[in-house]
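Quick look at model10.txt (compact mmCIF, C-alpha atoms):
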```txt
# COMPACT_ATOMS: atom_id res chain seq x y z
CA MET A 1 98.80 95.21 99.27
CA ASN A 2 95.05 95.30 99.62
CA LYS A 3 92.27 94.63 97.11
CA SER A 4 91.95 98.23 95.89
CA GLN A 5 95.72 98.46 95.37
CA LEU A 6 95.60 95.21 93.36
CA ILE A 7 92.81 96.66 91.21
CA GLU A 8 94.79 99.87 90.60
CA GLU A 9 97.92 97.89 89.68
CA LEU A 10 95.97 95.65 87.30
CA ALA A 11 94.33 98.65 85.61
CA GLU A 12 97.68 100.39 85.23
CA LYS A 13 99.58 97.39 83.88
CA THR A 14 96.87 96.36 81.41
CA ASP A 15 95.88 99.87 80.27
CA HIS A 16 92.27 99.14 81.24
CA HIS A 17 89.85 101.30 83.16
CA VAL A 18 89.63 100.75 86.92
CA ARG A 19 86.03 99.50 86.52
CA VAL A 20 87.24 96.69 84.24
CA ALA A 21 90.06 95.75 86.61
CA ASP A 22 87.63 95.80 89.55
CA LYS A 23 85.29 93.45 87.70
CA VAL A 24 88.15 91.06 86.85
CA VAL A 25 89.46 90.95 90.43
CA ASN A 26 85.95 90.42 91.83
CA ILE A 27 85.26 87.60 89.33
CA PHE A 28 88.55 85.96 90.30
CA PHE A 29 87.89 86.06 94.05
CA ASP A 30 84.20 85.19 93.70
CA ASN A 31 85.14 82.06 91.75
CA ILE A 32 87.57 81.00 94.47
CA LYS A 33 84.88 81.57 97.13
CA ASN A 34 82.26 79.67 95.12
CA ALA A 35 84.57 76.73 94.48
CA LEU A 36 85.46 76.46 98.18
CA SER A 37 81.82 76.73 99.25
CA ASP A 38 81.07 73.86 96.82
CA GLY A 39 83.79 71.80 98.53
CA ASP A 40 86.28 72.05 95.66
CA LYS A 41 90.01 72.68 95.93
CA VAL A 42 91.48 75.68 94.07
CA GLU A 43 95.03 75.32 92.81
CA ILE A 44 97.01 78.11 91.19
CA ARG A 45 100.28 76.62 89.96
CA GLY A 46 103.34 78.38 91.33
CA PHE A 47 101.26 80.38 93.81
CA GLY A 48 99.42 77.95 96.06
CA SER A 49 96.19 76.15 96.76
CA PHE A 50 93.06 76.81 98.75
CA PHE A 51 91.11 73.96 100.31
CA LEU A 52 88.74 73.23 103.17
CA LYS A 53 89.86 71.66 106.42
CA GLU A 54 87.33 70.06 108.74
CA TYR A 55 87.67 70.41 112.49
CA ASP A 56 85.84 68.17 114.95
CA GLY A 57 83.67 69.66 117.65
CA TYR A 58 84.96 69.69 121.20
CA THR A 59 84.10 70.77 124.72
CA GLY A 60 85.84 74.01 125.63
CA ARG A 61 85.68 76.42 128.53
CA ASN A 62 84.47 79.99 128.72
CA PRO A 63 87.59 81.85 129.93
CA LYS A 64 85.53 84.39 131.89
CA THR A 65 83.21 82.05 133.76
CA GLY A 66 84.96 78.69 133.51
CA ASP A 67 81.70 77.11 132.28
CA LYS A 68 81.91 74.23 129.79
CA VAL A 69 80.94 75.18 126.26
CA ASN A 70 80.26 72.86 123.34
CA VAL A 71 82.12 74.06 120.27
CA PRO A 72 80.53 72.62 117.11
CA SER A 73 82.52 71.05 114.28
CA LYS A 74 83.43 73.42 111.46
CA LYS A 75 85.02 73.71 108.03
CA LEU A 76 87.53 76.48 107.42
CA PRO A 77 89.40 77.56 104.28
CA VAL A 78 93.15 76.97 104.32
CA PHE A 79 95.88 78.28 102.00
CA ARG A 80 99.03 76.30 101.27
CA THR A 81 101.82 78.13 99.45
CA GLY A 82 103.24 76.79 96.21
CA LYS A 83 106.89 76.03 95.61
CA ASP A 84 107.58 79.14 93.48
CA LEU A 85 106.01 81.49 96.05
CA LYS A 86 107.94 79.85 98.91
CA GLU A 87 111.22 80.27 97.02
CA LYS A 88 110.51 83.90 96.09
CA VAL A 89 109.72 84.82 99.70
CA LYS A 90 112.64 82.80 101.05
CA ASN A 91 115.11 84.56 98.75
CA SER A 92 113.60 88.02 99.26
CA LYS A 93 115.80 90.75 100.70
CA ALA A 94 112.81 92.80 101.88
CA PRO A 95 112.62 93.45 105.63
CA LEU A 96 109.60 92.16 107.54
CA LYS A 97 106.97 94.80 108.18
CA LYS A 98 104.77 94.78 111.25
CA SER A 99 101.09 94.39 110.41
CA GLU A 100 98.81 97.34 111.07
CA THR A 101 95.97 95.55 112.86
```
Is it possible to express this structure as structure tokens?
Amino acid sequence: MNKSQLIEELAEKTDHHVRVADKVVNIFFDNIKNALSDGDKVEIRGFGSFFLKEYDGYTGRNPKTGDKVNVPSKKLPVFRTGKDLKEKVKNSKAPLKKSET
């Protein structure tokens, strides 16, 4: 499912116009992004939590040239699944689908 499919589903299930559903979905995701950029953790009970993980800088190598490269420290968002979501996926009978990347 992608964002536009989520918006369509929300509009259909709530009998609202697609523009309203689009606004709701965008507000939801924008608030998660803003909270993470402020350094806050976002927890949605039964679904999971989003938080920032800090990685130290290190000296790496350019695979093409073999030259040393300094990789700076960074913060990246991480998602940890909640118990209910883990159980639902674990007990699912649906076959795995290959991603279309």
### Task
Skip Val20 in chain A itself and residues of its chain fewer than 5 positions away, then list as a list in words all residues within 9 Å of it, counting only C-alpha atoms.
Ile7, Ala11 and Val25 of chain A
Got time to write the residues from that selection, C-alpha atoms, as a PDB file, in the coordinates of the input?
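Below is the file part12.pdb, written as the result:
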```
ATOM      1  CA  ILE A   7      92.810  96.660  91.210  1.00  0.00           C
ATOM      2  CA  ALA A  11      94.330  98.650  85.610  1.00  0.00           C
ATOM      3  CA  VAL A  25      89.460  90.950  90.430  1.00  0.00           C
TER       4      VAL A  25
END
```
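Interatomic distance, CA of Arg80 in chain A to CA of Gly48 in chain A: 5.5 Å.
In this model, the gap between CA of Pro77 in chain A and CA of Arg61 in chain A comes to 24.6 Å.
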### Neighbour list for Thr81 in chain A as a PyMOL selection string, cut-off 10 Å, all atoms listed in the file, skip fewer than 6 positions in-chain
chain A and resi 43-50+87
Considering all atoms listed in the file, return as a short mmCIF file (atom, residue, chain, number, x, y, z; two decimals) with C-alpha atoms, in the frame of the given file whatever protein or nucleic-acid residues lie within 7 Å of Leu36 in chain A, sequence-local ones (same chain, fewer than 4 positions apart) excluded.
```
data_model
loop_
_atom_site.label_atom_id
_atom_site.label_comp_id
_atom_site.auth_asym_id
_atom_site.auth_seq_id
_atom_site.Cartn_x
_atom_site.Cartn_y
_atom_site.Cartn_z
CA ILE A 32 87.57 81.00 94.47
CA ASP A 40 86.28 72.05 95.66
CA LYS A 41 90.01 72.68 95.93
CA PHE A 51 91.11 73.96 100.31
CA LEU A 52 88.74 73.23 103.17
#
```
### Task
Quick one: pull the distance between CA of Ile27 in chain A and CA of Lys75 in chain A, Å, one decimal.
23.3 Å
### Query
So which residues touch Val24 in chain A within 12 Å, counting only C-alpha atoms, skipping near sequence neighbours fewer than 5 positions away, as a ChimeraX atom specification?
/A:3,6-8,10-11,14,16-19,29-31
### Message
Show me, as an MDAnalysis selection string, the residues that have an atom within 7 Å of Gly60 in chain A when counting all atoms listed in the file, minus same-chain residues fewer than 4 positions from it.
### Response
chainID A and resid 68:71
### Task
Using all atoms listed in the file, pick whichever of A:Leu96, A:Leu76, A:Val42, A:Ala35 has the shortest atom-to-atom distance to Tyr55 in chain A.
A:Leu76
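Comparing the minimum interatomic distances between Phe79 in chain A and each of A:Ser92, A:Lys97, A:Lys53, A:Thr65, counting only C-alpha atoms, we find that A:Lys53 sits nearest.
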